[in-house]
>>> print(open('start.cif').read())   # mmCIF, C-alpha atoms, pLDDT in the B column; chains and numbers go by the auth columns
data_protein
loop_
_atom_site.group_PDB
_atom_site.id
_atom_site.type_symbol
_atom_site.label_atom_id
_atom_site.label_comp_id
_atom_site.label_asym_id
_atom_site.label_seq_id
_atom_site.Cartn_x
_atom_site.Cartn_y
_atom_site.Cartn_z
_atom_site.B_iso_or_equiv
_atom_site.auth_seq_id
_atom_site.auth_asym_id
ATOM 1 C CA MET A 1 -15.873 -25.415 84.734 66.00 12 P
ATOM 2 C CA ILE A 2 -12.550 -27.080 85.378 70.00 13 P
ATOM 3 C CA ARG A 3 -13.598 -29.950 83.193 69.00 14 P
ATOM 4 C CA THR A 4 -14.395 -27.736 80.139 69.00 15 P
ATOM 5 C CA LEU A 5 -11.169 -25.825 80.681 57.00 16 P
ATOM 6 C CA SER A 6 -9.171 -29.067 80.692 66.00 17 P
ATOM 7 C CA VAL A 7 -10.925 -30.330 77.528 63.00 18 P
ATOM 8 C CA ALA A 8 -10.261 -27.045 75.729 67.00 19 P
ATOM 9 C CA LEU A 9 -6.617 -27.102 76.848 62.00 20 P
ATOM 10 C CA LEU A 10 -6.200 -30.704 75.652 64.00 21 P
ATOM 11 C CA ALA A 11 -7.791 -29.929 72.237 65.00 22 P
ATOM 12 C CA GLY A 12 -5.587 -26.864 71.817 65.00 23 P
ATOM 13 C CA SER A 13 -2.441 -28.826 72.574 64.00 24 P
ATOM 14 C CA LEU A 14 -3.374 -31.535 70.041 57.00 25 P
ATOM 15 C CA VAL A 15 -3.966 -28.928 67.325 55.00 26 P
ATOM 16 C CA ALA A 16 -0.685 -27.194 68.097 57.00 27 P
ATOM 17 C CA ALA A 17 1.238 -30.479 68.159 57.00 28 P
ATOM 18 C CA ALA A 18 0.017 -31.638 64.721 54.00 29 P
ATOM 19 C CA PRO A 19 2.622 -31.194 61.994 60.00 30 P
ATOM 20 C CA ALA A 20 1.900 -28.857 59.122 58.00 31 P
ATOM 21 C CA ALA A 21 0.186 -30.584 56.213 55.00 32 P
ATOM 22 C CA GLU A 22 1.993 -30.700 52.914 59.00 33 P
ATOM 23 C CA ALA A 23 0.361 -30.833 49.527 59.00 34 P
ATOM 24 C CA ARG A 24 1.497 -34.416 48.940 59.00 35 P
ATOM 25 C CA ASP A 25 0.230 -35.884 52.207 63.00 36 P
ATOM 26 C CA GLY A 26 -2.315 -38.651 51.657 72.00 37 P
ATOM 27 C CA ILE A 27 -2.020 -38.880 47.862 76.00 38 P
ATOM 28 C CA GLY A 28 0.319 -41.377 46.279 78.00 39 P
ATOM 29 C CA ALA A 29 1.279 -41.781 42.648 80.00 40 P
ATOM 30 C CA GLY A 30 -1.794 -43.926 41.890 83.00 41 P
ATOM 31 C CA GLY A 31 -4.154 -41.427 43.497 82.00 42 P
ATOM 32 C CA ALA A 32 -2.639 -38.567 41.541 82.00 43 P
ATOM 33 C CA ALA A 33 -3.005 -40.531 38.297 85.00 44 P
ATOM 34 C CA ALA A 34 -6.622 -41.348 39.086 87.00 45 P
ATOM 35 C CA LEU A 35 -7.410 -37.699 39.810 86.00 46 P
ATOM 36 C CA GLY A 36 -5.724 -36.692 36.543 88.00 47 P
ATOM 37 C CA VAL A 37 -7.787 -39.196 34.578 90.00 48 P
ATOM 38 C CA LEU A 38 -11.038 -38.082 36.229 89.00 49 P
ATOM 39 C CA GLY A 39 -10.225 -34.447 35.639 89.00 50 P
ATOM 40 C CA GLY A 40 -9.385 -35.130 31.996 89.00 51 P
ATOM 41 C CA LEU A 41 -12.644 -36.996 31.491 88.00 52 P
ATOM 42 C CA ALA A 42 -14.620 -34.170 33.090 88.00 53 P
ATOM 43 C CA VAL A 43 -12.958 -31.477 30.978 86.00 54 P
ATOM 44 C CA GLY A 44 -13.218 -33.581 27.800 84.00 55 P
ATOM 45 C CA GLY A 45 -16.900 -34.207 28.411 83.00 56 P
ATOM 46 C CA ALA A 46 -17.530 -30.511 28.940 82.00 57 P
ATOM 47 C CA ILE A 47 -15.741 -29.609 25.710 80.00 58 P
ATOM 48 C CA ALA A 48 -17.512 -32.316 23.731 75.00 59 P
ATOM 49 C CA SER A 49 -20.964 -31.322 24.959 74.00 60 P
ATOM 50 C CA SER A 50 -20.404 -27.624 24.296 71.00 61 P
ATOM 51 C CA GLN A 51 -19.781 -28.051 20.536 62.00 62 P
ATOM 52 C CA ASN A 52 -22.942 -30.060 19.874 57.00 63 P
ATOM 53 C CA GLY A 53 -21.700 -30.994 16.401 59.00 64 P
ATOM 54 C CA TYR A 54 -23.310 -34.444 16.266 62.00 65 P
ATOM 55 C CA TYR A 55 -26.973 -33.527 16.673 62.00 66 P
ATOM 56 C CA PRO A 56 -28.080 -30.708 14.364 63.00 67 P
ATOM 57 C CA GLY A 57 -30.845 -29.465 16.653 66.00 68 P
ATOM 58 C CA GLN A 58 -34.535 -29.402 16.002 72.00 69 P
ATOM 59 C CA PRO A 59 -35.698 -31.326 12.948 73.00 70 P
ATOM 60 C CA VAL A 60 -36.478 -29.141 9.954 76.00 71 P
ATOM 61 C CA TYR A 61 -39.055 -30.157 7.355 80.00 72 P
ATOM 62 C CA ARG A 62 -37.943 -29.702 3.791 83.00 73 P
ATOM 63 C CA ALA A 63 -40.248 -30.420 0.901 86.00 74 P
ATOM 64 C CA PRO A 64 -38.926 -32.966 -1.579 86.00 75 P
ATOM 65 C CA ARG A 65 -37.589 -31.730 -4.889 89.00 76 P
ATOM 66 C CA PRO A 66 -40.176 -31.675 -7.667 90.00 77 P
ATOM 67 C CA VAL A 67 -40.029 -34.583 -10.058 88.00 78 P
ATOM 68 C CA TYR A 68 -41.455 -34.294 -13.537 86.00 79 P
ATOM 69 C CA VAL A 69 -42.515 -37.584 -15.076 83.00 80 P
ATOM 70 C CA GLU A 70 -44.053 -38.060 -18.484 80.00 81 P
ATOM 71 C CA GLU A 71 -46.636 -40.705 -18.024 79.00 82 P
ATOM 72 C CA ASP A 72 -47.313 -42.850 -21.036 77.00 83 P
ATOM 73 C CA TYR A 73 -51.050 -43.107 -21.229 79.00 84 P
ATOM 74 C CA GLY A 74 -51.661 -46.078 -23.417 81.00 85 P
ATOM 75 C CA PRO A 75 -55.042 -47.104 -24.642 85.00 86 P
ATOM 76 C CA VAL A 76 -57.778 -47.001 -22.059 86.00 87 P
ATOM 77 C CA CYS A 77 -59.073 -50.506 -21.539 91.00 88 P
ATOM 78 C CA HIS A 78 -61.997 -51.929 -19.638 94.00 89 P
ATOM 79 C CA ILE A 79 -63.836 -55.226 -19.298 96.00 90 P
ATOM 80 C CA GLU A 80 -67.282 -55.726 -20.799 96.00 91 P
ATOM 81 C CA ARG A 81 -69.657 -58.655 -20.532 96.00 92 P
ATOM 82 C CA ARG A 82 -70.853 -59.794 -23.922 95.00 93 P
ATOM 83 C CA ARG A 83 -73.397 -62.393 -24.814 95.00 94 P
ATOM 84 C CA THR A 84 -72.225 -64.886 -27.392 93.00 95 P
ATOM 85 C CA ILE A 85 -73.883 -67.834 -29.061 94.00 96 P
ATOM 86 C CA ASP A 86 -71.818 -70.818 -30.112 92.00 97 P
ATOM 87 C CA ALA A 87 -72.318 -73.102 -33.093 92.00 98 P
ATOM 88 C CA TYR A 88 -74.715 -75.360 -31.158 93.00 99 P
ATOM 89 C CA GLY A 89 -77.005 -72.480 -30.194 92.00 100 P
ATOM 90 C CA ASP A 90 -75.916 -72.290 -26.560 95.00 101 P
ATOM 91 C CA VAL A 91 -75.775 -68.779 -25.053 95.00 102 P
ATOM 92 C CA PHE A 92 -72.652 -67.793 -23.114 94.00 103 P
ATOM 93 C CA ILE A 93 -71.742 -64.591 -21.358 95.00 104 P
ATOM 94 C CA ARG A 94 -68.051 -63.873 -21.696 94.00 105 P
ATOM 95 C CA ARG A 95 -65.871 -61.148 -20.320 96.00 106 P
ATOM 96 C CA VAL A 96 -64.094 -59.306 -23.088 94.00 107 P
ATOM 97 C CA ARG A 97 -61.342 -56.734 -22.765 95.00 108 P
ATOM 98 C CA VAL A 98 -62.153 -53.670 -24.845 94.00 109 P
ATOM 99 C CA CYS A 99 -59.494 -51.015 -25.546 90.00 110 P
ATOM 100 C CA GLU A 100 -60.297 -47.645 -27.033 80.00 111 P
#
>>> encode(input="start.cif", output="structure tokens")
Amino acid sequence: MIRTLSVALLAGSLVAAAPAAEARDGIGAGGAAALGVLGGLAVGGAIASSQNGYYPGQPVYRAPRPVYVEEDYGPVCHIERRRTIDAYGDVFIRRVRVCE
């Protein structure tokens, strides 16, 4: 009992003897600058992410514009195999391009 009373009395006297803390205790000029930079980065990041101007959102499908092309249909051609005979009487089969 006496021991707990003496510990409580000692703790109370240490708390009462401590000087009052001021706002500038423990922070120097460098610490204040660092906190200002961190705070500015946090606020700037919050503002930048709230506008969302870079990414437009969900992708939207848009059909391409119609394109009208006049196709020039020339003559319709195909390849036929034709049997020909030369001057010596030999028979040849040649491929001939036929256009209509």
>>> residues_around(input="start.cif", residues="Tyr84 of chain P", least_positions_apart="4", cutoff="12 Å", atoms="all atoms listed in the file", output="ChimeraX atom specification")
/P:80,88,111
>>> closest_residue(input="start.cif", among="P:Leu49, P:Ile90, P:Ala74, P:Ala57", to="Arg106 of chain P", atoms="only C-alpha atoms")
P:Ile90
>>> atom_distance(input="start.cif", atom1="atom CA of Thr95 of chain P", atom2="atom CA of Val109 of chain P")
15.3 Å
>>> atom_distance(input="start.cif", atom1="atom CA of Gly50 of chain P", atom2="atom CA of Ile38 of chain P")
15.4 Å
>>> atom_distance(input="start.cif", atom1="atom CA of Ser61 of chain P", atom2="atom CA of Ala45 of chain P")
24.4 Å
